>>> print(open('structure.txt').read())   # compact mmCIF, C-alpha atoms
# COMPACT_ATOMS: atom_id res chain seq x y z
CA MET A 144 -0.58 20.27 21.58
CA ASP A 145 -1.83 22.09 18.51
CA ASP A 146 -4.14 20.48 15.97
CA ARG A 147 -1.48 19.46 13.48
CA ALA A 148 0.72 17.99 16.22
CA PHE A 149 -2.30 16.01 17.40
CA LEU A 150 -2.98 14.61 13.94
CA THR A 151 0.71 13.82 13.48
CA ALA A 152 0.68 11.89 16.77
CA LEU A 153 -2.20 9.77 15.47
CA PHE A 154 -0.34 9.06 12.22
CA GLU A 155 2.75 8.05 14.17
CA ALA A 156 0.68 5.69 16.33
CA ALA A 157 -0.79 4.10 13.21
CA VAL A 158 2.64 3.58 11.65
CA GLU A 159 4.14 2.20 14.84
CA ALA A 160 1.33 -0.35 15.08
CA ALA A 161 2.39 -1.64 11.67
CA HIS A 162 5.93 -2.40 12.85
CA PRO A 163 6.56 -6.08 12.12
CA LEU A 164 8.76 -7.02 15.08
CA ALA A 165 6.20 -7.97 17.74
CA ALA A 166 3.84 -9.74 15.38
CA MET A 167 6.61 -11.82 13.78
CA ARG A 168 7.89 -12.87 17.19
CA SER A 169 4.54 -14.44 18.07
CA HIS A 170 4.43 -16.47 14.83
CA LEU A 171 8.11 -17.35 14.42
CA PRO A 172 8.48 -20.92 13.09
CA ALA A 173 10.72 -23.50 14.69
CA ARG A 174 14.25 -23.96 13.42
CA PRO A 175 14.22 -26.43 10.53
CA LYS A 176 16.51 -29.42 10.08
CA GLY A 177 17.86 -27.85 6.90
CA ARG A 178 18.47 -24.34 5.68
CA THR A 179 16.46 -21.17 6.31
CA ILE A 180 16.07 -18.95 3.26
CA VAL A 181 14.46 -15.51 3.47
CA VAL A 182 12.76 -13.88 0.49
CA GLY A 183 10.58 -10.81 0.36
CA ALA A 184 9.23 -7.84 -1.52
CA GLY A 185 7.39 -4.63 -0.75
CA LYS A 186 7.63 -1.23 0.87
CA ALA A 187 8.23 -2.84 4.28
CA ALA A 188 10.61 -5.56 3.06
CA ALA A 189 13.86 -4.05 4.32
CA ARG A 190 12.47 -3.19 7.73
CA MET A 191 10.89 -6.64 8.02
CA ALA A 192 14.22 -8.27 7.13
CA GLN A 193 15.97 -6.21 9.79
CA ALA A 194 13.36 -7.21 12.39
CA LEU A 195 13.58 -10.89 11.45
CA GLU A 196 17.34 -10.91 11.86
CA SER A 197 16.91 -9.64 15.42
CA LEU A 198 14.53 -12.53 16.20
CA VAL A 199 16.17 -15.56 14.62
CA ASP A 200 19.06 -17.17 16.53
CA TRP A 201 20.09 -19.65 13.83
CA PRO A 202 21.82 -19.20 10.46
CA ILE A 203 19.73 -17.55 7.75
CA SER A 204 20.37 -16.06 4.33
CA GLY A 205 18.31 -14.65 1.52
CA VAL A 206 17.24 -11.64 -0.46
CA VAL A 207 14.43 -9.08 -0.38
CA VAL A 208 13.56 -6.12 -2.59
CA ASP A 209 12.35 -2.73 -1.35
CA ARG A 210 11.94 0.51 -3.26
CA HIS A 211 14.77 2.91 -3.98
CA GLY A 212 15.74 4.90 -0.90
CA ALA A 213 14.57 2.39 1.73
CA GLN A 214 17.14 2.03 4.50
CA ALA A 215 17.51 -0.79 7.02
CA ALA A 216 20.77 -2.38 8.14
CA THR A 217 20.87 -6.16 7.61
CA ARG A 218 23.71 -8.62 8.10
CA HIS A 219 22.61 -11.84 6.41
CA ILE A 220 19.75 -10.82 4.12
CA LYS A 221 20.64 -8.89 0.97
CA VAL A 222 18.37 -5.94 0.21
CA PHE A 223 17.79 -5.04 -3.43
CA HIS A 224 16.26 -1.70 -4.38
CA ALA A 225 13.90 -1.11 -7.29
CA ALA A 226 11.39 1.39 -8.67
CA HIS A 227 7.81 1.91 -7.58
CA PRO A 228 5.10 2.25 -8.88
CA VAL A 229 6.39 1.57 -12.41
CA PRO A 230 8.90 -1.32 -12.43
CA ASP A 231 12.49 -0.96 -13.60
CA ARG A 232 15.27 -3.32 -14.60
CA ALA A 233 16.58 -3.41 -11.04
CA GLY A 234 13.29 -4.97 -9.99
CA HIS A 235 13.61 -7.55 -12.74
CA SER A 236 17.09 -8.48 -11.47
CA ALA A 237 15.73 -8.73 -7.92
CA SER A 238 12.94 -11.06 -9.06
CA GLN A 239 15.50 -13.37 -10.62
CA ALA A 240 17.54 -13.27 -7.41
CA LEU A 241 14.51 -14.33 -5.36
CA LEU A 242 13.79 -17.22 -7.68
CA ARG A 243 17.44 -18.35 -7.54
CA ALA A 244 17.37 -18.17 -3.74
CA VAL A 245 14.67 -20.86 -3.54
CA GLU A 246 16.14 -23.23 -6.14
CA GLY A 247 17.04 -26.78 -5.11
CA LEU A 248 15.48 -26.74 -1.64
CA THR A 249 14.36 -29.87 0.18
CA ALA A 250 11.51 -30.79 2.51
CA ASP A 251 13.87 -30.15 5.44
CA ASP A 252 14.39 -26.52 4.42
CA LEU A 253 12.35 -23.48 5.47
CA VAL A 254 11.50 -20.36 3.48
CA ILE A 255 10.38 -17.25 5.35
CA ALA A 256 8.65 -14.81 3.01
CA LEU A 257 8.37 -11.12 3.98
CA ILE A 258 5.62 -9.61 1.85
CA SER A 259 4.12 -6.13 1.91
CA GLY A 260 2.29 -3.70 -0.31
CA GLY A 261 4.19 -2.36 -3.27
CA GLY A 262 5.66 -5.75 -4.08
CA SER A 263 3.71 -5.99 -7.32
CA ALA A 264 5.77 -3.21 -8.90
CA LEU A 265 9.00 -4.31 -7.22
CA LEU A 266 8.79 -7.84 -8.65
CA PRO A 267 8.57 -7.51 -12.43
CA CYS A 268 9.04 -10.97 -13.90
CA PRO A 269 7.33 -11.39 -17.26
CA ALA A 270 5.76 -14.76 -17.96
CA PRO A 271 7.27 -16.85 -20.78
CA GLY A 272 6.50 -15.18 -24.09
CA LEU A 273 6.27 -11.68 -22.63
CA SER A 274 8.92 -8.98 -22.28
CA PHE A 275 9.91 -6.70 -19.42
CA GLU A 276 8.86 -3.74 -21.57
CA GLY A 277 5.42 -5.28 -22.03
CA GLU A 278 4.97 -5.81 -18.30
CA ALA A 279 6.10 -2.25 -17.54
CA ALA A 280 3.70 -0.85 -20.15
CA ALA A 281 0.89 -2.93 -18.67
CA THR A 282 1.68 -1.50 -15.23
CA ARG A 283 1.44 2.05 -16.55
CA ALA A 284 -1.93 1.25 -18.11
CA LEU A 285 -3.18 -0.25 -14.85
CA LEU A 286 -2.09 2.77 -12.83
CA ALA A 287 -3.85 5.17 -15.18
CA SER A 288 -7.06 3.14 -15.25
CA GLY A 289 -8.37 3.92 -11.77
CA ALA A 290 -9.04 0.20 -11.23
CA PRO A 291 -8.98 -1.04 -7.61
CA VAL A 292 -6.00 -3.06 -6.44
CA ASP A 293 -7.81 -6.42 -6.56
CA ALA A 294 -8.61 -5.90 -10.24
CA MET A 295 -5.08 -4.75 -11.06
CA ASN A 296 -3.50 -7.67 -9.24
CA ALA A 297 -5.80 -10.19 -10.95
CA ILE A 298 -4.27 -8.97 -14.20
CA ARG A 299 -0.70 -8.80 -12.90
CA ILE A 300 -0.88 -12.42 -11.74
CA GLN A 301 -1.75 -13.61 -15.25
CA ILE A 302 1.32 -12.06 -16.85
CA SER A 303 3.93 -12.84 -14.19
CA GLY A 304 6.45 -15.58 -13.66
CA ILE A 305 6.70 -14.98 -9.89
CA LYS A 306 3.32 -13.74 -8.63
CA GLY A 307 0.17 -15.76 -7.92
CA GLY A 308 1.95 -18.29 -5.69
CA ARG A 309 4.65 -19.03 -8.25
CA LEU A 310 7.52 -18.10 -5.89
CA ALA A 311 6.22 -20.53 -3.26
CA LYS A 312 5.73 -23.18 -5.94
CA ALA A 313 9.36 -22.72 -6.99
CA ALA A 314 10.45 -23.27 -3.37
CA ALA A 315 8.68 -26.64 -3.03
CA PRO A 316 9.11 -29.05 -1.32
CA ALA A 317 10.39 -26.60 1.31
CA LYS A 318 7.86 -25.21 3.77
CA VAL A 319 7.04 -21.54 3.19
CA VAL A 320 5.94 -19.30 6.08
CA SER A 321 4.68 -15.92 4.84
CA PHE A 322 4.58 -12.83 7.04
CA ILE A 323 2.37 -10.24 5.37
CA VAL A 324 1.86 -6.53 5.98
CA SER A 325 -1.49 -5.96 4.29
CA ASP A 326 -2.29 -2.87 2.24
CA VAL A 327 -5.39 -4.28 0.56
CA VAL A 328 -9.04 -3.88 1.44
CA GLY A 329 -10.25 -7.04 3.15
CA ASP A 330 -6.69 -8.25 3.89
CA ASP A 331 -6.75 -11.07 1.34
CA PRO A 332 -3.12 -12.31 1.49
CA ALA A 333 -3.29 -13.49 -2.13
CA LEU A 334 -3.71 -9.86 -3.23
CA VAL A 335 -0.87 -8.28 -1.26
CA ALA A 336 1.99 -7.76 -3.74
CA SER A 337 -0.04 -9.98 -6.09
CA GLY A 338 0.61 -12.96 -3.83
CA PRO A 339 4.08 -14.29 -4.78
CA THR A 340 3.82 -16.92 -2.04
CA VAL A 341 0.03 -17.17 -1.69
CA PRO A 342 -2.07 -18.58 -4.53
CA GLY A 343 -5.43 -16.93 -5.13
CA GLN A 344 -8.75 -17.77 -6.73
CA ALA A 345 -8.76 -15.22 -9.56
CA GLY A 346 -7.93 -16.59 -13.00
CA ALA A 347 -7.88 -15.39 -16.59
CA THR A 348 -11.67 -14.99 -16.61
CA GLU A 349 -11.53 -12.52 -13.73
CA ALA A 350 -8.59 -10.69 -15.30
CA LEU A 351 -10.38 -10.28 -18.62
CA ALA A 352 -13.54 -9.09 -16.84
CA ALA A 353 -11.49 -6.42 -15.04
CA ILE A 354 -9.92 -5.32 -18.33
CA GLU A 355 -13.36 -4.81 -19.83
CA GLN A 356 -14.94 -3.20 -16.77
CA TYR A 357 -12.22 -0.58 -16.34
CA ARG A 358 -11.45 -0.22 -20.06
CA ILE A 359 -7.77 -0.93 -19.57
CA GLU A 360 -5.71 -0.48 -22.72
CA LEU A 361 -3.06 -3.17 -22.37
CA PRO A 362 -0.35 -3.86 -24.95
CA ALA A 363 -1.67 -6.28 -27.57
CA THR A 364 0.85 -8.97 -26.64
CA VAL A 365 -0.17 -8.78 -22.98
CA ARG A 366 -3.88 -8.95 -23.76
CA ALA A 367 -3.32 -11.92 -26.10
CA HIS A 368 -1.29 -13.74 -23.45
CA ILE A 369 -4.10 -13.42 -20.89
CA GLU A 370 -6.71 -14.54 -23.41
CA ALA A 371 -4.64 -17.60 -24.35
CA GLY A 372 -4.29 -18.66 -20.73
CA THR A 373 -1.19 -20.70 -21.51
CA THR A 374 0.66 -20.09 -18.21
CA PRO A 375 -1.96 -20.05 -15.45
CA PRO A 376 -0.84 -19.66 -11.83
CA PRO A 377 -0.84 -22.79 -9.66
CA PRO A 378 -4.18 -23.57 -8.01
CA ALA A 379 -4.68 -23.00 -4.29
CA ASP A 380 -5.06 -26.75 -3.70
CA ASP A 381 -1.71 -27.59 -5.29
CA PRO A 382 0.09 -30.07 -2.97
CA ALA A 383 3.14 -27.79 -3.05
CA PHE A 384 1.31 -25.42 -0.68
CA ALA A 385 0.02 -28.04 1.77
CA ARG A 386 2.50 -27.30 4.59
CA ASN A 387 2.72 -23.55 4.09
CA GLU A 388 1.59 -20.95 6.63
CA VAL A 389 0.33 -17.42 6.10
CA HIS A 390 0.25 -14.74 8.83
CA ILE A 391 -1.15 -11.21 8.42
CA ILE A 392 1.02 -9.29 10.88
CA ALA A 393 -0.13 -5.72 10.19
CA SER A 394 -3.19 -4.14 8.60
CA ALA A 395 -5.16 -0.92 8.32
CA ARG A 396 -7.60 -2.00 11.05
CA VAL A 397 -4.81 -2.58 13.57
CA SER A 398 -3.29 0.82 12.75
CA LEU A 399 -6.60 2.69 12.97
CA GLU A 400 -7.29 1.12 16.35
CA ALA A 401 -3.87 2.26 17.56
CA ALA A 402 -4.63 5.80 16.37
CA ALA A 403 -7.97 5.66 18.15
CA ARG A 404 -6.28 4.70 21.41
CA ARG A 405 -3.85 7.60 21.03
CA ALA A 406 -6.77 10.00 20.47
CA GLU A 407 -8.55 8.76 23.58
CA ALA A 408 -5.37 9.27 25.61
CA LEU A 409 -5.39 12.87 24.39
CA ASP A 410 -9.07 13.35 25.41
CA VAL A 411 -10.48 13.29 21.90
CA THR A 412 -13.34 10.99 20.90
CA PRO A 413 -12.27 8.66 18.08
CA VAL A 414 -14.75 7.44 15.46
CA ILE A 415 -13.45 4.78 13.06
CA LEU A 416 -15.53 5.05 9.90
CA SER A 417 -13.96 2.12 8.04
CA GLU A 418 -10.62 0.65 7.04
CA ASN A 419 -12.08 -0.59 3.75
CA ILE A 420 -12.93 2.59 1.86
CA GLU A 421 -12.39 2.44 -1.89
CA GLY A 422 -13.39 4.66 -4.79
CA GLU A 423 -12.24 7.76 -6.63
CA ALA A 424 -10.16 9.84 -4.22
CA ARG A 425 -11.98 13.09 -5.03
CA ASP A 426 -15.38 11.45 -4.43
CA ILE A 427 -14.27 9.97 -1.12
CA GLY A 428 -12.96 13.42 -0.20
CA ARG A 429 -16.37 14.97 -0.81
CA MET A 430 -18.05 12.25 1.25
CA HIS A 431 -15.73 12.88 4.20
CA ALA A 432 -16.26 16.63 3.83
CA ALA A 433 -20.02 16.17 3.99
CA LEU A 434 -19.69 14.25 7.25
CA ALA A 435 -17.28 16.80 8.70
CA ARG A 436 -19.58 19.72 7.83
CA GLU A 437 -22.59 17.96 9.34
CA PHE A 438 -20.77 17.14 12.57
CA ALA A 439 -19.14 20.56 12.85
CA ARG A 440 -22.57 22.21 12.61
CA GLY A 441 -23.77 20.36 15.67
CA ALA A 442 -25.32 17.21 14.23
CA SER A 443 -22.72 14.93 15.78
CA PRO A 444 -23.89 12.01 17.95
CA TYR A 445 -20.42 12.06 19.55
CA PRO A 446 -19.02 14.51 22.10
CA PHE A 447 -16.58 17.21 20.96
CA PRO A 448 -13.77 17.20 20.24
CA LEU A 449 -13.87 14.17 17.97
CA VAL A 450 -11.70 12.71 15.24
CA LEU A 451 -12.96 10.74 12.26
CA LEU A 452 -10.55 7.98 11.24
CA SER A 453 -10.60 5.97 8.03
CA GLY A 454 -8.37 3.87 5.81
CA GLY A 455 -8.46 1.82 2.63
CA GLU A 456 -7.17 2.52 -0.85
CA THR A 457 -8.69 5.17 -3.04
CA THR A 458 -7.87 5.54 -6.71
CA VAL A 459 -7.16 8.37 -9.15
CA THR A 460 -8.22 7.96 -12.76
CA LEU A 461 -5.86 10.01 -14.89
CA GLY A 462 -6.91 11.70 -18.10
CA ASN A 463 -4.71 11.79 -21.15
CA ASP A 464 -3.83 15.44 -20.56
CA SER A 465 -3.01 15.16 -16.86
CA SER A 466 0.22 16.92 -15.92
CA GLY A 467 -0.31 17.17 -12.18
CA ARG A 468 1.91 16.14 -9.30
CA GLY A 469 0.93 14.21 -6.20
CA GLY A 470 -0.95 11.10 -5.14
CA ARG A 471 -4.32 9.79 -4.08
CA ASN A 472 -4.15 11.18 -0.52
CA GLY A 473 -3.40 14.65 -1.82
CA GLU A 474 -6.25 14.37 -4.32
CA PHE A 475 -8.62 13.23 -1.55
CA LEU A 476 -7.60 16.13 0.66
CA LEU A 477 -7.77 18.78 -2.06
CA SER A 478 -11.32 17.71 -2.82
CA PHE A 479 -12.05 17.77 0.93
CA ALA A 480 -10.50 21.25 1.29
CA CYS A 481 -12.64 22.63 -1.53
CA ASP A 482 -15.80 21.41 0.20
CA ILE A 483 -14.99 22.74 3.70
CA ALA A 484 -13.74 26.13 2.49
CA GLY A 485 -14.52 28.87 5.01
CA MET A 486 -15.51 26.54 7.86
CA ASP A 487 -13.99 26.77 11.34
CA GLY A 488 -13.21 23.92 13.68
CA ILE A 489 -12.09 21.32 11.12
CA GLN A 490 -8.50 20.17 10.65
CA ALA A 491 -7.60 17.12 8.56
CA LEU A 492 -4.63 14.97 7.66
CA ALA A 493 -4.52 12.45 4.81
CA ALA A 494 -1.33 10.49 4.21
CA ASP A 495 0.04 7.22 2.94
CA THR A 496 1.43 5.10 5.77
CA ASP A 497 4.52 4.29 3.70
CA GLY A 498 5.52 7.97 3.83
CA ILE A 499 5.26 8.63 0.08
CA ASP A 500 2.06 9.79 -1.59
CA GLY A 501 2.26 9.25 -5.31
CA SER A 502 4.93 11.00 -7.35
CA GLU A 503 6.57 13.28 -4.77
CA ASP A 504 8.40 12.97 -1.43
CA ASN A 505 5.56 13.93 0.93
CA ALA A 506 3.40 11.46 2.83
CA GLY A 507 0.31 13.61 2.32
CA ALA A 508 -0.98 16.96 3.51
CA PHE A 509 -3.00 18.90 6.07
CA ALA A 510 -6.16 20.85 5.31
CA ASP A 511 -8.51 23.15 7.18
CA GLY A 512 -11.22 25.66 6.35
CA ALA A 513 -8.63 28.24 5.31
CA SER A 514 -6.61 25.99 2.95
CA PHE A 515 -8.70 27.04 -0.04
CA GLU A 516 -8.01 30.73 0.57
CA ARG A 517 -4.30 30.11 1.15
CA MET A 518 -4.12 28.48 -2.27
CA ILE A 519 -6.00 31.39 -3.84
CA ALA A 520 -3.62 33.83 -2.14
CA ALA A 521 -0.70 31.88 -3.62
CA GLY A 522 -2.12 32.44 -7.12
CA LEU A 523 -3.72 29.02 -7.61
CA ASN A 524 -7.26 27.93 -8.39
CA PRO A 525 -7.82 24.90 -6.11
CA ARG A 526 -10.64 23.45 -8.23
CA ALA A 527 -8.53 23.76 -11.38
CA SER A 528 -5.65 22.05 -9.56
CA LEU A 529 -8.01 19.23 -8.60
CA ALA A 530 -9.20 18.88 -12.19
CA ARG A 531 -5.65 18.29 -13.41
CA HIS A 532 -4.67 16.06 -10.44
CA ASP A 533 -2.16 18.63 -9.17
CA ALA A 534 -2.72 18.42 -5.43
CA TRP A 535 0.97 18.54 -4.53
CA THR A 536 1.43 21.94 -6.15
CA ALA A 537 -1.63 23.32 -4.38
CA PHE A 538 -0.69 22.11 -0.91
CA ASN A 539 2.94 23.07 -1.39
CA ALA A 540 1.88 26.62 -2.24
CA ALA A 541 -0.33 26.73 0.84
CA GLY A 542 2.42 25.40 3.12
CA ASP A 543 0.32 22.37 4.02
CA LEU A 544 2.46 19.40 2.92
CA PHE A 545 3.06 16.60 5.42
CA VAL A 546 6.57 15.15 5.05
CA THR A 547 7.80 12.15 7.05
CA GLY A 548 10.25 10.29 4.83
CA GLN A 549 9.81 6.59 4.11
CA THR A 550 8.36 4.82 7.15
CA GLY A 551 9.39 1.25 6.35
CA THR A 552 5.85 -0.10 6.41
CA ASN A 553 2.68 0.16 4.35
CA VAL A 554 -0.93 -0.38 5.42
CA ASN A 555 -2.27 2.10 2.90
CA ASP A 556 -4.22 5.33 3.33
CA PHE A 557 -4.59 7.03 6.72
CA ARG A 558 -7.12 9.80 7.19
CA ALA A 559 -7.85 11.73 10.38
CA ILE A 560 -10.34 14.62 10.57
CA LEU A 561 -10.39 16.58 13.82
CA ILE A 562 -13.70 18.36 14.52
CA GLY A 563 -14.42 20.79 17.32
CA SER A 564 -10.79 21.29 18.30
CA GLY A 565 -11.71 24.46 20.19
CA HIS A 566 -13.36 22.25 22.81
CA ARG A 567 -10.02 20.69 23.78
>>> encode(input="structure.txt", output="structure tokens")
Amino acid sequence: MDDRAFLTALFEAAVEAAHPLAAMRSHLPARPKGRTIVVGAGKAAARMAQALESLVDWPISGVVVDRHGAQAATRHIKVFHAAHPVPDRAGHSASQALLRAVEGLTADDLVIALISGGGSALLPCPAPGLSFEGEAAATRALLASGAPVDAMNAIRIQISGIKGGRLAKAAAPAKVVSFIVSDVVGDDPALVASGPTVPGQAGATEALAAIEQYRIELPATVRAHIEAGTTPPPPADDPAFARNEVHIIASARVSLEAAARRAEALDVTPVILSENIEGEARDIGRMHAALAREFARGASPYPFPLVLLSGGETTVTLGNDSSGRGGRNGEFLLSFACDIAGMDGIQALAADTDGIDGSEDNAGAFADGASFERMIAAGLNPRASLARHDAWTAFNAAGDLFVTGQTGTNVNDFRAILIGSGHR
């Protein structure tokens, strides 16, 4: 098995560990006296709906929303498709469909919520007094800000009519059981997809603090709405949530551990750095490159060959003149490639576990000590490409893109750095 095949095998193990079927089976609620309604949103929503249908042996119905292009055959649960990361009108229609699905329920009814990362963009539902256009503009400002997901979602919750536990509140007095595929650092269920069925602790104060800290230029109407605090989300101790259950069924930690087991089976020493890494993608790339260089030069406390594994959610702060293509994993890896240029014995993969990194159709890319020179040979300046956030163009020119198609799950960034492969 060559180095890239090895790294691909680790990615596949990580993605497979995030499959919802087994975890949902172990937490499946009992059949209710009344109806069972399924709602959901996120990059794993369609696949989760398909898995749930294979587990439940009583009548169910409902609706979930996944991004455009997601494919999963369902019989009883309708799958809407909408845009990500900037919301579109299809997402707004899907949000209304989810809210209609939980209208008029009783205490004998059950709602099963299938929530995964990406649901924030897929569920645009402006709060009273705000417009869809305002919410979409706010999303664009958040994405350009470089703010971490917890800060962005604190703001999203304040301007939404469905997030921050509001969907679960609308379903009361029915019991709501939430199955969550986590893509957030720390696995706080209230932050995944901005918590449509899980109320959180962040309020307007936290949202305004995030706006100031990250200098987010929101539309004036959106900023004024948050400052007024006229439509706060329901509190976590609201009696409407008393019977509800929340289950994290997949996370970055579980996926990294699965990748580590695959590495061990292939006689490579795995080292999990962390599943909670945040920060500017290019800075995190330099940090990983520094570790890789140190280990490759013989300072490793671990036997060769070894693979460094990490996850989390990095960010990319865009400038006003940015015209680049790609995503945060490509930006991480381009920064990494610049800093290991000319070194032997290092091969890396960085990819988004949902199969799409940013604006293009690749999951991520590969890099080694010769990537820099391959880009130069293709007529590109890698450092200039990094400066304009154009990692996709650089890796495409070098023949280093990693393409998987949509995976049907999402536990965020996956990074694997193989060191000392010649010892295998």
>>> closest_residue(input="structure.txt", among="A:Val327, A:Leu529, A:Val365, A:Ile305", to="Ala395 of chain A", atoms="all atoms listed in the file")
A:Val327
>>> residues_around(input="structure.txt", residues="Asp252 of chain A", least_positions_apart="4", cutoff="8 Å", atoms="all atoms listed in the file", output="mmCIF file with C-alpha atoms, keeping the file's coordinate frame")
data_model
loop_
_atom_site.group_PDB
_atom_site.id
_atom_site.type_symbol
_atom_site.label_atom_id
_atom_site.label_comp_id
_atom_site.auth_asym_id
_atom_site.auth_seq_id
_atom_site.Cartn_x
_atom_site.Cartn_y
_atom_site.Cartn_z
ATOM 1 C CA PRO A 175 14.220 -26.430 10.530
ATOM 2 C CA LYS A 176 16.510 -29.420 10.080
ATOM 3 C CA GLY A 177 17.860 -27.850 6.900
ATOM 4 C CA ARG A 178 18.470 -24.340 5.680
ATOM 5 C CA THR A 179 16.460 -21.170 6.310
ATOM 6 C CA ILE A 180 16.070 -18.950 3.260
ATOM 7 C CA LEU A 248 15.480 -26.740 -1.640
ATOM 8 C CA ALA A 317 10.390 -26.600 1.310
ATOM 9 C CA LYS A 318 7.860 -25.210 3.770
#
>>> closest_residue(input="structure.txt", among="A:Val554, A:Ile203, A:Ile489, A:Met518", to="Phe154 of chain A", atoms="all atoms listed in the file")
A:Val554
>>> closest_residue(input="structure.txt", among="A:Ile560, A:Leu361, A:Pro375, A:Ala189", to="Gln214 of chain A", atoms="all atoms listed in the file")
A:Ala189
>>> atom_distance(input="structure.txt", atom1="atom CA of Phe538 of chain A", atom2="atom CA of Ala148 of chain A")
17.7 Å
>>> atom_distance(input="structure.txt", atom1="atom CA of Ser337 of chain A", atom2="atom CA of Arg558 of chain A")
24.9 Å
>>> atom_distance(input="structure.txt", atom1="atom CA of Ala336 of chain A", atom2="atom CA of Thr348 of chain A")
20.1 Å
>>> residues_around(input="structure.txt", residues="Asp495 of chain A", least_positions_apart="4", cutoff="8 Å", atoms="all atoms listed in the file", output="number ranges by chain")
A: 472, 499-500, 506-507, 553, 555-557
>>> residues_around(input="structure.txt", residues="segment 253-268 of chain A", least_positions_apart="3", cutoff="6 Å", atoms="only C-alpha atoms", output="count of residues only")
31
>>> closest_residue(input="structure.txt", among="A:Leu477, A:Val546, A:Ala527, A:Ala491", to="Glu503 of chain A", atoms="all atoms listed in the file")
A:Val546
>>> residues_around(input="structure.txt", residues="segment 156-163 of chain A", least_positions_apart="3", cutoff="9 Å", atoms="all atoms listed in the file", output="count of residues only")
35
>>> residues_near_point(input="structure.txt", point="(17.1, -6.4, -3.9)", cutoff="6 Å", atoms="all atoms listed in the file", output="count of residues only")
6
>>> residues_around(input="structure.txt", residues="Pro378 of chain A", least_positions_apart="3", cutoff="9 Å", atoms="only C-alpha atoms", output="list in words")
Gly307, Gly308, Pro342, Gly343, Gln344, Pro375 and Asp381 of chain A
>>> closest_residue(input="structure.txt", among="A:Ala435, A:Val411, A:Ile427, A:Val199", to="Leu171 of chain A", atoms="all atoms listed in the file")
A:Val199
>>> closest_residue(input="structure.txt", among="A:Pro525, A:Pro376, A:Gly329, A:Gly473", to="Val292 of chain A", atoms="all atoms listed in the file")
A:Gly329
>>> axis_aligned_box(input="structure.txt", around="segment 541-559 of chain A", padding_each_side="3 Å", output="JSON")
{"center_x": 1.2, "center_y": 13.2, "center_z": 5.6, "size_x": 24.1, "size_y": 33.1, "size_z": 15.5}
>>> build_atoms(input="structure.txt", residues="segment 363-374 of chain A", atoms="N, CA and C atoms", output="PDB file, keeping the file's coordinate frame")
ATOM      1  N   ALA A 363      -1.011  -5.167 -26.888  1.00  0.00           N
ATOM      2  CA  ALA A 363      -1.670  -6.280 -27.570  1.00  0.00           C
ATOM      3  C   ALA A 363      -1.095  -7.629 -27.176  1.00  0.00           C
ATOM      4  N   THR A 364       0.221  -7.698 -27.004  1.00  0.00           N
ATOM      5  CA  THR A 364       0.850  -8.970 -26.640  1.00  0.00           C
ATOM      6  C   THR A 364       0.423  -9.418 -25.247  1.00  0.00           C
ATOM      7  N   VAL A 365       0.239  -8.458 -24.346  1.00  0.00           N
ATOM      8  CA  VAL A 365      -0.170  -8.780 -22.980  1.00  0.00           C
ATOM      9  C   VAL A 365      -1.622  -9.267 -22.971  1.00  0.00           C
ATOM     10  N   ARG A 366      -2.472  -8.551 -23.679  1.00  0.00           N
ATOM     11  CA  ARG A 366      -3.880  -8.950 -23.760  1.00  0.00           C
ATOM     12  C   ARG A 366      -3.996 -10.356 -24.380  1.00  0.00           C
ATOM     13  N   ALA A 367      -3.260 -10.614 -25.444  1.00  0.00           N
ATOM     14  CA  ALA A 367      -3.320 -11.920 -26.100  1.00  0.00           C
ATOM     15  C   ALA A 367      -2.829 -13.033 -25.187  1.00  0.00           C
ATOM     16  N   HIS A 368      -1.816 -12.735 -24.382  1.00  0.00           N
ATOM     17  CA  HIS A 368      -1.290 -13.740 -23.450  1.00  0.00           C
ATOM     18  C   HIS A 368      -2.351 -14.127 -22.415  1.00  0.00           C
ATOM     19  N   ILE A 369      -3.051 -13.127 -21.879  1.00  0.00           N
ATOM     20  CA  ILE A 369      -4.100 -13.420 -20.890  1.00  0.00           C
ATOM     21  C   ILE A 369      -5.222 -14.217 -21.532  1.00  0.00           C
ATOM     22  N   GLU A 370      -5.618 -13.834 -22.722  1.00  0.00           N
ATOM     23  CA  GLU A 370      -6.710 -14.540 -23.410  1.00  0.00           C
ATOM     24  C   GLU A 370      -6.335 -15.991 -23.711  1.00  0.00           C
ATOM     25  N   ALA A 371      -5.071 -16.230 -24.040  1.00  0.00           N
ATOM     26  CA  ALA A 371      -4.640 -17.600 -24.350  1.00  0.00           C
ATOM     27  C   ALA A 371      -4.604 -18.479 -23.116  1.00  0.00           C
ATOM     28  N   GLY A 372      -4.307 -17.897 -21.965  1.00  0.00           N
ATOM     29  CA  GLY A 372      -4.290 -18.660 -20.730  1.00  0.00           C
ATOM     30  C   GLY A 372      -3.287 -19.802 -20.724  1.00  0.00           C
ATOM     31  N   THR A 373      -2.147 -19.597 -21.358  1.00  0.00           N
ATOM     32  CA  THR A 373      -1.190 -20.700 -21.510  1.00  0.00           C
ATOM     33  C   THR A 373      -0.315 -20.925 -20.282  1.00  0.00           C
ATOM     34  N   THR A 374      -0.181 -19.919 -19.408  1.00  0.00           N
ATOM     35  CA  THR A 374       0.660 -20.090 -18.210  1.00  0.00           C
ATOM     36  C   THR A 374      -0.120 -19.669 -16.964  1.00  0.00           C
TER      37      THR A 374
END
